[in-house]
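Q: The structure under discussion is supplied below as structure tokens; questions concerning it will follow.
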Amino acid sequence: MLEEMLDGVQVAAVVCNQWGDTGKGKVVDLLAKHFDLIVRGQGGNNAGHTVITGDRDLKLHVVPSGIIFDKEGKINVVGSGVAFNPISFQEELEKLEAAGLSYDNLKISHQAKLILPQHLLLDRIREARKGKGKIGTTGRGIGPVYGDHTLRLGLTVNDMLNREVFVRKLEKNLAEKLLVLRHDDPQLIKEIMQHDHLGSGKFHDVDRIFNMSAIVETYMDLGQKFKPYITDTDKLVKQALGAGKRILLEGAQGLLLSVDYGLHPFVTSSDASYRGLAKGAGLRDGDVDLVIGIAKAFYMTRVGAGPFPTEFGGDHSASWCNNPNVTFNIETQLYPNVSLEGHDGFEKGIAVRYAGKEYGTTTGRPRRCGRFDLPLLRYAKEINGEVVALTKLDVLDQADEIQICTNYKYTGPEYHVGGRVLRNGDLITTAIADNEVLQHCQPLYKTFPGWKSNTSKITEFSSLPLPLKEIISYVEKEAGVKVKIVSVGPDREQTIVV
Ligand code: IMP
């Protein structure tokens with residue numbers, strides 16, 4: 001079945017059609033053995049993917065999921081569109097070593113965007129300043145590093161190999177940052193700079209804010225460590241394409257978080273569509289033969305702030321999940337007995353979170369949970385195409401009913417958007433990527449009976465419970481998508497190719 005799906009495919013892209021955390025790592029892991037190169041093209045260590053094989057449960061951030069197959073000669077590439085933090089990358093490599101995994105064929109783009117301490121500081125200061133308007137970023141410096149690239153102030157991985165150039169560019173970059181930071185609260189700066197992601201104070205200087213020499217020495221040192229892996233990956237990938245090699249592109253985040261197609265301002269700062277992925281991997285989007293858009297089913301999650309029309313428990317859930325004091329332990333102590341069959345939306349959201357283990361890989365934050373949303377899937381399909389993988393189907397095995405959002409009713413003030421005038425009561429079938437609209441969308445639901453049986457051991461599509469198959473075909477018909485993969489558990493074996 002998998003061979004059939006990949007027949008004639010030289011380049012495939014695995015992307016997420018929702019707000020991330022849909023299980024891309026698992027699908028990449030499933031496909032990787034059929035490809036020669038596995039390439040990351042955007043995002044950075046804001047992403048987190050868990051690769052589970054046998055007794056290994058590996059949490060990765062920037063290292064491509066295909067690293068599991070390094071020993072078999074697969075080439076794993078960190079492409080030019082990636083935001084690269086060498087300090088956290090070094091930690092990932094140490095994790096691989098501890099798990100007994102090799103990374104001999106790893107390649108890092110010399111043009112990947114270099115994350116520096118000032119990016120983390122600015123990310124965190126901006127969020128702290130926003131108060132209620134917080135985006136809820138991961139605090140990994142992603143916005144500021146891509147911002148510097150666009151502002152023509154950025155450094156790249158290549159600069160870690162040339163001390164003099166590194167120092168010159170760093171000075172220029174810091175001079176610009178200091179114009180603003182000098183007027184900021186030194187106590188807040190100090191607190192942020194003490195964070196372990198920022199070297200626990202190593203890069204802080206009380207008078208000059210940044211300890212230049214600590215930054216230079218750390219980055220030069222890491223540059224030398226990574227030197228054997230740093231290369232022109234755009235060229236490498238293009239050559240591989242020309243030589244007929246099979247290339248698998250591994251996306252990060254999700255379409256709804258894309259800086260180009262997502263819902264501003266609650267987005268990340270790279271293009272998480274297959275187009276952004278292809279570009280950051282060194283390819284044209286026309287080079288991609290197969291795009292697999294992943295959607296969690298039949299529920300959804302979102303991390304951080306921003307409208308989420310189908311959220312279980314609405315605003316209550318949003319503020320609960322975005323409260324930094326709420327952790328898995330606190331939640332389980334306060335809500336030990338929530339059920340998927342309950343009627344309280346907020347508690348149902350918690351029950352879904354428990355069932356789906358919906359806590360951030362990167363931040364440990366509880367993910368906001370909601371019902372499956374067709375208007376958003378229709379929108380994602382317009383960009384990422386019709387091939388869809390549905391993951392985590394087993395999570396709602398015990399739910400008594402499944403609600404699917406079929407359309408929205410617009411409930412906001414008159415609003416002009418893209419040549420259309422929206423008025424209170426209008427029906428929206430395909431989501432409009434504008435928060436002014438999404439925050440005033442009331443979901444309309446269709447309720448299906450739950451299948452109430454264990455799907456996690458099913459290996460054939462035809463053996464899935466009938467009520468579940470009916471929901472899948474409803475979604476295919478209503479969103480115009482083709483479901484090609486369904487996943488019923490975290491293991492590679494718990495995957496059905498349709
Ligand atoms: P940033 O990418 O850290 O700037 O965060 C911007 C927004 O994207 C926030 O709402 C984050 O929660 C969200 N985000 C970033 N990376 C991921 C991810 O891998 N999964 C889910 N949400 C993410």
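For the structure tokens, the naming scheme is as follows: chains receive sequential letters (A, B, ...) according to their order of presentation, residues are indexed from 1 within each chain, and ligands are indexed from 1 in presentation order.
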As an MDAnalysis selection string, please: the residues near range 195-201 of chain A (cut-off 10 Å, only C-alpha atoms, same-chain neighbours under 6 positions excluded).
A: chainID A and resid 87:88 116:121 139:140 210:211 214:215 218
Q: Write out the residues from the selection above, keeping all heavy atoms, as an mmCIF file, in the first residue's frame.
A:
```
data_model
loop_
_atom_site.group_PDB
_atom_site.id
_atom_site.type_symbol
_atom_site.label_atom_id
_atom_site.label_comp_id
_atom_site.auth_asym_id
_atom_site.auth_seq_id
_atom_site.Cartn_x
_atom_site.Cartn_y
_atom_site.Cartn_z
ATOM 1 N N ILE A 87 23.506 25.787 20.265
ATOM 2 C CA ILE A 87 23.607 25.291 21.647
ATOM 3 C C ILE A 87 22.600 24.178 21.876
ATOM 4 O O ILE A 87 22.930 23.092 22.369
ATOM 5 C CB ILE A 87 23.404 26.455 22.660
ATOM 6 C CG1 ILE A 87 24.472 27.532 22.408
ATOM 7 C CG2 ILE A 87 23.431 25.949 24.091
ATOM 8 C CD1 ILE A 87 24.309 28.798 23.206
ATOM 9 N N SER A 88 21.363 24.414 21.462
ATOM 10 C CA SER A 88 20.362 23.355 21.672
ATOM 11 C C SER A 88 20.595 22.203 20.696
ATOM 12 O O SER A 88 20.290 21.049 21.001
ATOM 13 C CB SER A 88 18.947 23.913 21.558
ATOM 14 O OG SER A 88 18.613 24.112 20.231
ATOM 15 N N LEU A 116 20.925 33.537 18.085
ATOM 16 C CA LEU A 116 21.913 34.045 19.055
ATOM 17 C C LEU A 116 21.193 34.448 20.349
ATOM 18 O O LEU A 116 19.963 34.595 20.347
ATOM 19 C CB LEU A 116 22.627 35.252 18.430
ATOM 20 C CG LEU A 116 23.566 34.871 17.282
ATOM 21 C CD1 LEU A 116 23.619 35.952 16.218
ATOM 22 C CD2 LEU A 116 24.968 34.568 17.829
ATOM 23 N N PRO A 117 21.948 34.636 21.435
ATOM 24 C CA PRO A 117 21.291 34.967 22.712
ATOM 25 C C PRO A 117 20.354 36.170 22.628
ATOM 26 O O PRO A 117 19.294 36.190 23.265
ATOM 27 C CB PRO A 117 22.466 35.250 23.648
ATOM 28 C CG PRO A 117 23.583 34.434 23.093
ATOM 29 C CD PRO A 117 23.398 34.434 21.608
ATOM 30 N N GLN A 118 20.723 37.174 21.821
ATOM 31 C CA GLN A 118 19.871 38.369 21.745
ATOM 32 C C GLN A 118 18.479 38.041 21.185
ATOM 33 O O GLN A 118 17.505 38.726 21.494
ATOM 34 C CB GLN A 118 20.530 39.490 20.910
ATOM 35 C CG GLN A 118 20.866 39.174 19.483
ATOM 36 C CD GLN A 118 22.290 38.663 19.338
ATOM 37 O OE1 GLN A 118 22.773 37.936 20.185
ATOM 38 N NE2 GLN A 118 22.954 39.026 18.248
ATOM 39 N N HIS A 119 18.402 36.984 20.363
ATOM 40 C CA HIS A 119 17.094 36.620 19.804
ATOM 41 C C HIS A 119 16.180 36.051 20.888
ATOM 42 O O HIS A 119 14.992 36.361 20.933
ATOM 43 C CB HIS A 119 17.274 35.620 18.659
ATOM 44 C CG HIS A 119 18.061 36.186 17.520
ATOM 45 N ND1 HIS A 119 19.170 35.577 16.990
ATOM 46 C CD2 HIS A 119 17.905 37.350 16.843
ATOM 47 C CE1 HIS A 119 19.658 36.336 16.017
ATOM 48 N NE2 HIS A 119 18.915 37.411 15.912
ATOM 49 N N LEU A 120 16.748 35.235 21.746
ATOM 50 C CA LEU A 120 15.936 34.688 22.847
ATOM 51 C C LEU A 120 15.517 35.794 23.807
ATOM 52 O O LEU A 120 14.385 35.842 24.265
ATOM 53 C CB LEU A 120 16.716 33.602 23.611
ATOM 54 C CG LEU A 120 16.682 32.236 22.943
ATOM 55 C CD1 LEU A 120 17.793 32.093 21.915
ATOM 56 C CD2 LEU A 120 16.798 31.119 23.964
ATOM 57 N N LEU A 121 16.478 36.699 24.091
ATOM 58 C CA LEU A 121 16.156 37.801 25.007
ATOM 59 C C LEU A 121 15.017 38.649 24.443
ATOM 60 O O LEU A 121 14.031 38.937 25.127
ATOM 61 C CB LEU A 121 17.407 38.661 25.262
ATOM 62 C CG LEU A 121 17.170 39.925 26.094
ATOM 63 C CD1 LEU A 121 16.699 39.587 27.502
ATOM 64 C CD2 LEU A 121 18.445 40.782 26.170
ATOM 65 N N GLY A 139 9.517 31.092 23.073
ATOM 66 C CA GLY A 139 10.643 31.769 23.716
ATOM 67 C C GLY A 139 11.995 31.321 23.186
ATOM 68 O O GLY A 139 13.025 31.503 23.833
ATOM 69 N N ARG A 140 12.004 30.740 21.995
ATOM 70 C CA ARG A 140 13.263 30.217 21.446
ATOM 71 C C ARG A 140 13.944 31.197 20.488
ATOM 72 O O ARG A 140 14.886 30.845 19.790
ATOM 73 C CB ARG A 140 13.028 28.881 20.720
ATOM 74 C CG ARG A 140 12.394 27.783 21.576
ATOM 75 C CD ARG A 140 13.301 27.417 22.747
ATOM 76 N NE ARG A 140 12.875 26.192 23.399
ATOM 77 C CZ ARG A 140 12.091 26.124 24.479
ATOM 78 N NH1 ARG A 140 11.634 27.224 25.043
ATOM 79 N NH2 ARG A 140 11.778 24.956 25.020
ATOM 80 N N PHE A 210 25.174 42.420 26.876
ATOM 81 C CA PHE A 210 25.685 41.169 26.306
ATOM 82 C C PHE A 210 27.177 41.020 26.556
ATOM 83 O O PHE A 210 27.942 41.975 26.361
ATOM 84 C CB PHE A 210 25.427 41.111 24.797
ATOM 85 C CG PHE A 210 23.969 41.098 24.464
ATOM 86 C CD1 PHE A 210 23.354 42.247 23.980
ATOM 87 C CD2 PHE A 210 23.203 39.955 24.648
ATOM 88 C CE1 PHE A 210 22.002 42.256 23.692
ATOM 89 C CE2 PHE A 210 21.848 39.957 24.363
ATOM 90 C CZ PHE A 210 21.247 41.107 23.882
ATOM 91 N N ASN A 211 27.573 39.835 26.937
ATOM 92 C CA ASN A 211 28.985 39.515 27.083
ATOM 93 C C ASN A 211 29.472 38.988 25.726
ATOM 94 O O ASN A 211 29.353 37.808 25.412
ATOM 95 C CB ASN A 211 29.136 38.453 28.177
ATOM 96 C CG ASN A 211 30.571 38.078 28.419
ATOM 97 O OD1 ASN A 211 31.421 38.254 27.534
ATOM 98 N ND2 ASN A 211 30.856 37.568 29.588
ATOM 99 N N ALA A 214 31.925 36.043 25.517
ATOM 100 C CA ALA A 214 31.334 34.726 25.824
ATOM 101 C C ALA A 214 30.551 34.202 24.612
ATOM 102 O O ALA A 214 30.607 33.016 24.284
ATOM 103 C CB ALA A 214 30.423 34.828 27.039
ATOM 104 N N ILE A 215 29.848 35.108 23.940
ATOM 105 C CA ILE A 215 29.090 34.682 22.748
ATOM 106 C C ILE A 215 30.071 34.212 21.672
ATOM 107 O O ILE A 215 29.927 33.124 21.100
ATOM 108 C CB ILE A 215 28.192 35.823 22.194
ATOM 109 C CG1 ILE A 215 27.182 36.282 23.258
ATOM 110 C CG2 ILE A 215 27.462 35.372 20.933
ATOM 111 C CD1 ILE A 215 26.287 37.451 22.834
ATOM 112 N N THR A 218 31.792 30.836 22.559
ATOM 113 C CA THR A 218 30.853 29.701 22.515
ATOM 114 C C THR A 218 30.519 29.334 21.069
ATOM 115 O O THR A 218 30.545 28.163 20.677
ATOM 116 C CB THR A 218 29.546 30.067 23.272
ATOM 117 O OG1 THR A 218 29.895 30.433 24.588
ATOM 118 C CG2 THR A 218 28.576 28.902 23.301
#
```
Q: Given a cut-off of 9 Å, what residues near ligand 1 show up using only C-alpha atoms and all ligand atoms, put as an NGL selection string?
A: :A and (19-22 or 43-49 or 61 or 123 or 134-144 or 252-254 or 257-258 or 265-270 or 301-306 or 360-363 or 365 or 367)
Q: Which residues in range 325-487 of chain A does DSSP call alpha helix (DSSP H)? List them as a ChimeraX atom specification.
A: /A:328-334,345-356,374-384,435-438,466-479
Q: Considering only C-alpha atoms, state which residue in the set A:Lys484, A:Leu60, A:Pro366, A:Ala399 is at the smallest distance from Asn323 in chain A.
A: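 Under the stated criterion, the closest residue is A:Pro366.
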Q: If I take CA of Ala479 in chain A and CA of Leu444 in chain A, how far is one from the other in Å, to one decimal?
A: 14.9 Å
Q: According to DSSP computed on the backbone, where in range 141-252 of chain A is there strand (DSSP E)? Give the residues as number ranges by chain.
A: A: 204-205, 209-210, 230-231, 247-250
Q: For Leu255 in chain A, work out the shell of residues within 9 Å, counting only C-alpha atoms and skipping chain neighbours fewer than 6 positions away, then give it as a list in words.
A: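 Counting only the stated atoms, we get Val15, Cys16, Asn17, Gln18, Trp19, Gly20, Tyr261, Gly262, Asp271, Ala272, Ser273, Tyr274, Ala380, Ile383 and Asn384 of chain A.
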Q: May I ask which of the residues A:Asp7, A:Asp491, A:Asp234, A:Asp344 is the closest one to Asp29 in chain A, counting only C-alpha atoms?
A: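 For Asp29 in chain A, the nearest of the candidates is A:Asp491.
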Q: Quick one: residues within 10 Å of Pro186 in chain A, only C-alpha atoms, excluding same-chain residues fewer than 4 positions away - as an NGL selection string?
A: :A and (181-182 or 190-192 or 206-207 or 209)
Q: Using C-alpha atoms, can you export the residues from the last selection as a compact mmCIF listing (two decimals), in the first residue's frame?
A:
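Dumped to again.txt:
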```
# COMPACT_ATOMS: atom_id res chain seq x y z
CA LEU A 181 17.37 47.26 25.02
CA ARG A 182 19.29 50.09 26.72
CA LYS A 190 18.94 40.11 34.00
CA GLU A 191 16.21 37.64 34.92
CA ILE A 192 15.77 36.53 31.33
CA VAL A 206 25.57 43.98 33.72
CA ASP A 207 26.83 47.12 31.97
CA ILE A 209 23.84 43.70 28.49
```
Q: If you count only C-alpha atoms, which residues fall within 12 Å of Pro64 in chain A, apart from same-chain ones fewer than 6 positions away, as a PDB file with C-alpha atoms, in the first residue's frame?
A:
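Full text of selection-v3.pdb as output:
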```
ATOM      1  CA  VAL A  14       5.015  15.954   5.150  1.00  0.00           C
ATOM      2  CA  LYS A  24       4.586  14.636  11.546  1.00  0.00           C
ATOM      3  CA  GLY A  25       7.563  12.893  13.129  1.00  0.00           C
ATOM      4  CA  LYS A  26       5.760   9.598  13.105  1.00  0.00           C
ATOM      5  CA  VAL A  28       8.200  10.938   8.433  1.00  0.00           C
ATOM      6  CA  ASP A  29       9.576   8.009  10.382  1.00  0.00           C
ATOM      7  CA  ALA A  32      11.887   7.644   5.697  1.00  0.00           C
ATOM      8  CA  LEU A  37      17.429  12.247   1.986  1.00  0.00           C
ATOM      9  CA  ILE A  38      15.256  13.607   4.792  1.00  0.00           C
ATOM     10  CA  VAL A  39      15.273  17.404   4.862  1.00  0.00           C
ATOM     11  CA  ARG A  40      14.038  20.019   7.321  1.00  0.00           C
ATOM     12  CA  GLY A  41      13.351  23.344   5.584  1.00  0.00           C
ATOM     13  CA  GLN A  42      11.815  25.763   8.094  1.00  0.00           C
ATOM     14  CA  GLY A  43      11.226  26.403  11.789  1.00  0.00           C
ATOM     15  CA  GLY A  44      13.732  25.741  14.498  1.00  0.00           C
ATOM     16  CA  ASN A  45      13.821  24.380  18.001  1.00  0.00           C
ATOM     17  CA  ALA A  47       9.272  22.551  16.999  1.00  0.00           C
ATOM     18  CA  GLY A  48       9.357  19.252  18.767  1.00  0.00           C
ATOM     19  CA  HIS A  49       8.787  15.814  17.377  1.00  0.00           C
ATOM     20  CA  THR A  50       8.800  12.533  19.177  1.00  0.00           C
ATOM     21  CA  VAL A  51      10.048   9.516  17.342  1.00  0.00           C
ATOM     22  CA  LEU A  58      13.264  10.320  21.341  1.00  0.00           C
ATOM     23  CA  ASP A  70      21.529   7.270   9.626  1.00  0.00           C
ATOM     24  CA  LYS A  74      20.166   8.043   4.795  1.00  0.00           C
ATOM     25  CA  ILE A  75      21.237  11.674   4.563  1.00  0.00           C
ATOM     26  CA  ASN A  76      19.515  13.967   7.059  1.00  0.00           C
ATOM     27  CA  VAL A  77      19.616  17.641   6.187  1.00  0.00           C
ATOM     28  CA  VAL A  78      19.011  20.810   8.189  1.00  0.00           C
ATOM     29  CA  GLY A  79      18.166  23.137   5.308  1.00  0.00           C
ATOM     30  CA  VAL A  82      15.862  26.557   9.260  1.00  0.00           C
ATOM     31  CA  PHE A  89      21.443  21.433  18.576  1.00  0.00           C
ATOM     32  CA  GLU A  92      20.126  17.046  20.576  1.00  0.00           C
ATOM     33  CA  LEU A  93      23.269  15.400  19.250  1.00  0.00           C
ATOM     34  CA  LEU A  96      21.313  10.817  19.938  1.00  0.00           C
ATOM     35  CA  TYR A 103      24.625  11.025  12.826  1.00  0.00           C
ATOM     36  CA  ASN A 105      25.404  11.520   7.379  1.00  0.00           C
ATOM     37  CA  LEU A 106      23.968  14.651   8.920  1.00  0.00           C
ATOM     38  CA  LYS A 107      24.301  17.876   6.919  1.00  0.00           C
ATOM     39  CA  ILE A 108      23.724  21.411   8.152  1.00  0.00           C
ATOM     40  CA  LEU A 248      11.494  13.533   1.911  1.00  0.00           C
ATOM     41  CA  LEU A 249      10.732  17.012   3.246  1.00  0.00           C
ATOM     42  CA  GLU A 250       9.853  17.209   6.929  1.00  0.00           C
ATOM     43  CA  GLY A 251       7.718  20.178   7.900  1.00  0.00           C
ATOM     44  CA  ALA A 252       7.542  21.923  11.257  1.00  0.00           C
ATOM     45  CA  ALA A 281      15.057  22.740   1.691  1.00  0.00           C
TER      46      ALA A 281
END
```
Q: Set out as CSV a contact list for range 306-385 of chain A and range 429-443 of chain A with a cut-off of 12 Å, giving each residue of range 306-385 of chain A that qualifies its closest atom pair and distance in Å to one decimal, counting only C-alpha atoms, ordered by chain and rising residue number.
A:
```
residue,atom,partner,partner_atom,distance
A:Gly306,CA,A:Asn435,CA,7.9
A:Pro307,CA,A:Gln439,CA,5.3
A:Phe308,CA,A:Gln439,CA,7.6
A:Pro309,CA,A:Pro443,CA,6.3
A:Thr310,CA,A:Pro443,CA,6.4
A:Glu311,CA,A:Pro443,CA,9.9
A:Phe312,CA,A:Pro443,CA,11.7
A:Gly314,CA,A:Gln442,CA,11.2
A:Asp315,CA,A:Gln439,CA,11.2
A:Gly370,CA,A:Pro443,CA,11.1
A:Arg371,CA,A:Pro443,CA,9.6
A:Phe372,CA,A:Pro443,CA,10.4
A:Asp373,CA,A:Pro443,CA,8.3
A:Leu374,CA,A:Thr430,CA,7.7
A:Pro375,CA,A:Thr430,CA,4.3
A:Leu376,CA,A:Ala431,CA,5.1
A:Leu377,CA,A:Thr430,CA,7.9
A:Arg378,CA,A:Thr430,CA,5.5
A:Tyr379,CA,A:Thr430,CA,5.5
A:Ala380,CA,A:Ala431,CA,8.8
A:Lys381,CA,A:Thr430,CA,9.9
A:Glu382,CA,A:Thr430,CA,9.4
A:Ile383,CA,A:Ala433,CA,11.9
```
Q: For CA of Tyr408 in chain A and CA of Glu358 in chain A, quote the distance in Å rounded to one decimal.
A: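 Separating CA of Tyr408 in chain A from CA of Glu358 in chain A is a distance of 25.5 Å.
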Q: Considering only C-alpha atoms, return as a ChimeraX atom specification whatever protein or nucleic-acid residues lie within 7 Å of range 282-293 of chain A, sequence-local ones (same chain, fewer than 3 positions apart) excluded.
A: /A:9-17,234,237-238,275,278-279,384-385,387-389
Q: Write a file of the just-selected residues containing all heavy atoms, as a short mmCIF file (atom, residue, chain, number, x, y, z; two decimals), in the first residue's frame.
A:
```cif
data_model
loop_
_atom_site.label_atom_id
_atom_site.label_comp_id
_atom_site.auth_asym_id
_atom_site.auth_seq_id
_atom_site.Cartn_x
_atom_site.Cartn_y
_atom_site.Cartn_z
N VAL A 9 6.82 8.80 -7.04
CA VAL A 9 7.09 9.99 -6.22
C VAL A 9 8.59 10.10 -5.95
O VAL A 9 9.18 9.20 -5.35
CB VAL A 9 6.33 9.90 -4.87
CG1 VAL A 9 6.77 11.02 -3.92
CG2 VAL A 9 4.82 9.96 -5.10
N GLN A 10 9.18 11.18 -6.40
CA GLN A 10 10.60 11.39 -6.07
C GLN A 10 10.76 12.30 -4.85
O GLN A 10 11.61 12.08 -4.01
CB GLN A 10 11.36 11.99 -7.27
CG GLN A 10 12.87 11.99 -7.02
CD GLN A 10 13.66 12.73 -8.09
OE1 GLN A 10 13.14 13.14 -9.12
NE2 GLN A 10 14.94 12.91 -7.82
N VAL A 11 9.90 13.32 -4.79
CA VAL A 11 9.96 14.24 -3.65
C VAL A 11 8.60 14.25 -2.94
O VAL A 11 7.57 14.51 -3.57
CB VAL A 11 10.32 15.68 -4.09
CG1 VAL A 11 10.39 16.60 -2.90
CG2 VAL A 11 11.62 15.70 -4.87
N ALA A 12 8.60 13.97 -1.67
CA ALA A 12 7.37 14.04 -0.88
C ALA A 12 7.57 15.01 0.26
O ALA A 12 8.68 15.16 0.78
CB ALA A 12 7.00 12.66 -0.33
N ALA A 13 6.49 15.69 0.63
CA ALA A 13 6.57 16.63 1.76
C ALA A 13 5.53 16.25 2.80
O ALA A 13 4.38 15.95 2.46
CB ALA A 13 6.29 18.06 1.27
N VAL A 14 5.95 16.23 4.05
CA VAL A 14 5.02 15.95 5.15
C VAL A 14 4.82 17.26 5.92
O VAL A 14 5.78 17.79 6.52
CB VAL A 14 5.56 14.85 6.09
CG1 VAL A 14 4.61 14.63 7.26
CG2 VAL A 14 5.78 13.56 5.32
N VAL A 15 3.60 17.77 5.87
CA VAL A 15 3.32 19.04 6.54
C VAL A 15 2.09 18.87 7.42
O VAL A 15 1.37 17.88 7.30
CB VAL A 15 3.07 20.18 5.51
CG1 VAL A 15 4.35 20.58 4.80
CG2 VAL A 15 2.00 19.79 4.51
N CYS A 16 1.84 19.86 8.25
CA CYS A 16 0.67 19.79 9.12
C CYS A 16 -0.38 20.76 8.61
O CYS A 16 -0.06 21.89 8.25
CB CYS A 16 1.09 20.13 10.55
SG CYS A 16 -0.29 20.56 11.59
N ASN A 17 -1.63 20.30 8.57
CA ASN A 17 -2.72 21.15 8.09
C ASN A 17 -3.42 21.89 9.22
O ASN A 17 -4.44 22.54 8.98
CB ASN A 17 -3.75 20.29 7.35
CG ASN A 17 -3.37 20.12 5.89
OD1 ASN A 17 -2.60 20.91 5.35
ND2 ASN A 17 -3.90 19.10 5.25
N ASP A 234 21.56 23.43 -0.09
CA ASP A 234 20.67 23.71 -1.24
C ASP A 234 21.24 23.01 -2.49
O ASP A 234 20.52 22.37 -3.25
CB ASP A 234 20.59 25.22 -1.51
CG ASP A 234 19.60 25.92 -0.58
OD1 ASP A 234 19.18 25.28 0.41
OD2 ASP A 234 19.27 27.09 -0.83
N VAL A 237 20.97 19.16 -2.16
CA VAL A 237 19.62 18.65 -2.38
C VAL A 237 19.28 18.72 -3.88
O VAL A 237 18.72 17.78 -4.45
CB VAL A 237 18.59 19.43 -1.52
CG1 VAL A 237 17.16 19.05 -1.89
CG2 VAL A 237 18.84 19.17 -0.03
N LYS A 238 19.68 19.82 -4.53
CA LYS A 238 19.40 19.95 -5.97
C LYS A 238 20.15 18.87 -6.75
O LYS A 238 19.61 18.28 -7.69
CB LYS A 238 19.80 21.34 -6.47
CG LYS A 238 18.65 22.30 -6.39
CD LYS A 238 19.01 23.66 -6.97
CE LYS A 238 18.34 24.76 -6.17
NZ LYS A 238 19.21 25.61 -5.41
N ARG A 275 5.13 24.92 0.52
CA ARG A 275 5.95 25.82 -0.32
C ARG A 275 7.15 26.34 0.46
O ARG A 275 8.28 26.34 -0.04
CB ARG A 275 5.12 27.02 -0.78
CG ARG A 275 4.06 26.65 -1.76
CD ARG A 275 3.50 27.90 -2.40
NE ARG A 275 2.49 27.52 -3.34
CZ ARG A 275 1.22 27.88 -3.27
NH1 ARG A 275 0.80 28.66 -2.30
NH2 ARG A 275 0.37 27.47 -4.18
N ALA A 278 9.60 23.53 0.95
CA ALA A 278 10.40 23.21 -0.24
C ALA A 278 11.50 24.25 -0.44
O ALA A 278 12.67 23.92 -0.67
CB ALA A 278 9.49 23.16 -1.47
N LYS A 279 11.14 25.51 -0.30
CA LYS A 279 12.11 26.59 -0.51
C LYS A 279 13.27 26.48 0.48
O LYS A 279 14.43 26.54 0.11
CB LYS A 279 11.41 27.94 -0.37
CG LYS A 279 12.32 29.13 -0.50
CD LYS A 279 11.49 30.39 -0.64
CE LYS A 279 12.37 31.60 -0.81
NZ LYS A 279 12.67 32.25 0.45
N ASN A 384 -2.16 23.27 0.76
CA ASN A 384 -1.34 22.05 0.83
C ASN A 384 -1.88 20.89 -0.01
O ASN A 384 -1.24 19.84 -0.08
CB ASN A 384 -1.19 21.59 2.28
CG ASN A 384 -0.15 22.40 3.04
OD1 ASN A 384 0.76 22.98 2.43
ND2 ASN A 384 -0.28 22.46 4.34
N GLY A 385 -3.04 21.07 -0.62
CA GLY A 385 -3.56 20.03 -1.48
C GLY A 385 -4.43 19.02 -0.75
O GLY A 385 -4.69 19.12 0.43
N VAL A 387 -4.28 15.56 -0.31
CA VAL A 387 -3.88 14.31 0.35
C VAL A 387 -3.70 14.55 1.85
O VAL A 387 -2.96 15.44 2.27
CB VAL A 387 -2.58 13.74 -0.26
CG1 VAL A 387 -2.14 12.49 0.50
CG2 VAL A 387 -2.80 13.42 -1.73
N VAL A 388 -4.40 13.74 2.61
CA VAL A 388 -4.42 13.97 4.06
C VAL A 388 -4.07 12.69 4.81
O VAL A 388 -4.42 11.59 4.39
CB VAL A 388 -5.84 14.48 4.46
CG1 VAL A 388 -6.09 14.35 5.94
CG2 VAL A 388 -6.02 15.93 4.02
N ALA A 389 -3.36 12.86 5.92
CA ALA A 389 -3.16 11.75 6.86
C ALA A 389 -3.89 12.13 8.14
O ALA A 389 -3.77 13.26 8.62
CB ALA A 389 -1.66 11.57 7.15
#
```
Q: Would you work out the distance separating CA of Asp232 in chain A from CA of Gln111 in chain A, expressed in Å to one decimal?
A: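 These two atoms are separated by 7.5 Å.
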Q: Please identify all polymer residues within 8 Å of Asn158 in chain A, counting only C-alpha atoms, omitting same-chain residues fewer than 2 positions from it, and present them as a list in words.
A: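 The filter keeps His110, Gln111, Thr156, Met160, Leu161, Asn162 and Ile230 of chain A.
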Q: Using only C-alpha atoms, which residue out of A:Glu3, A:Glu331, A:Glu386, A:Asp394 lies closest to Lys482 in chain A?
A: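 Closest to Lys482 in chain A of all the choices is A:Glu386.
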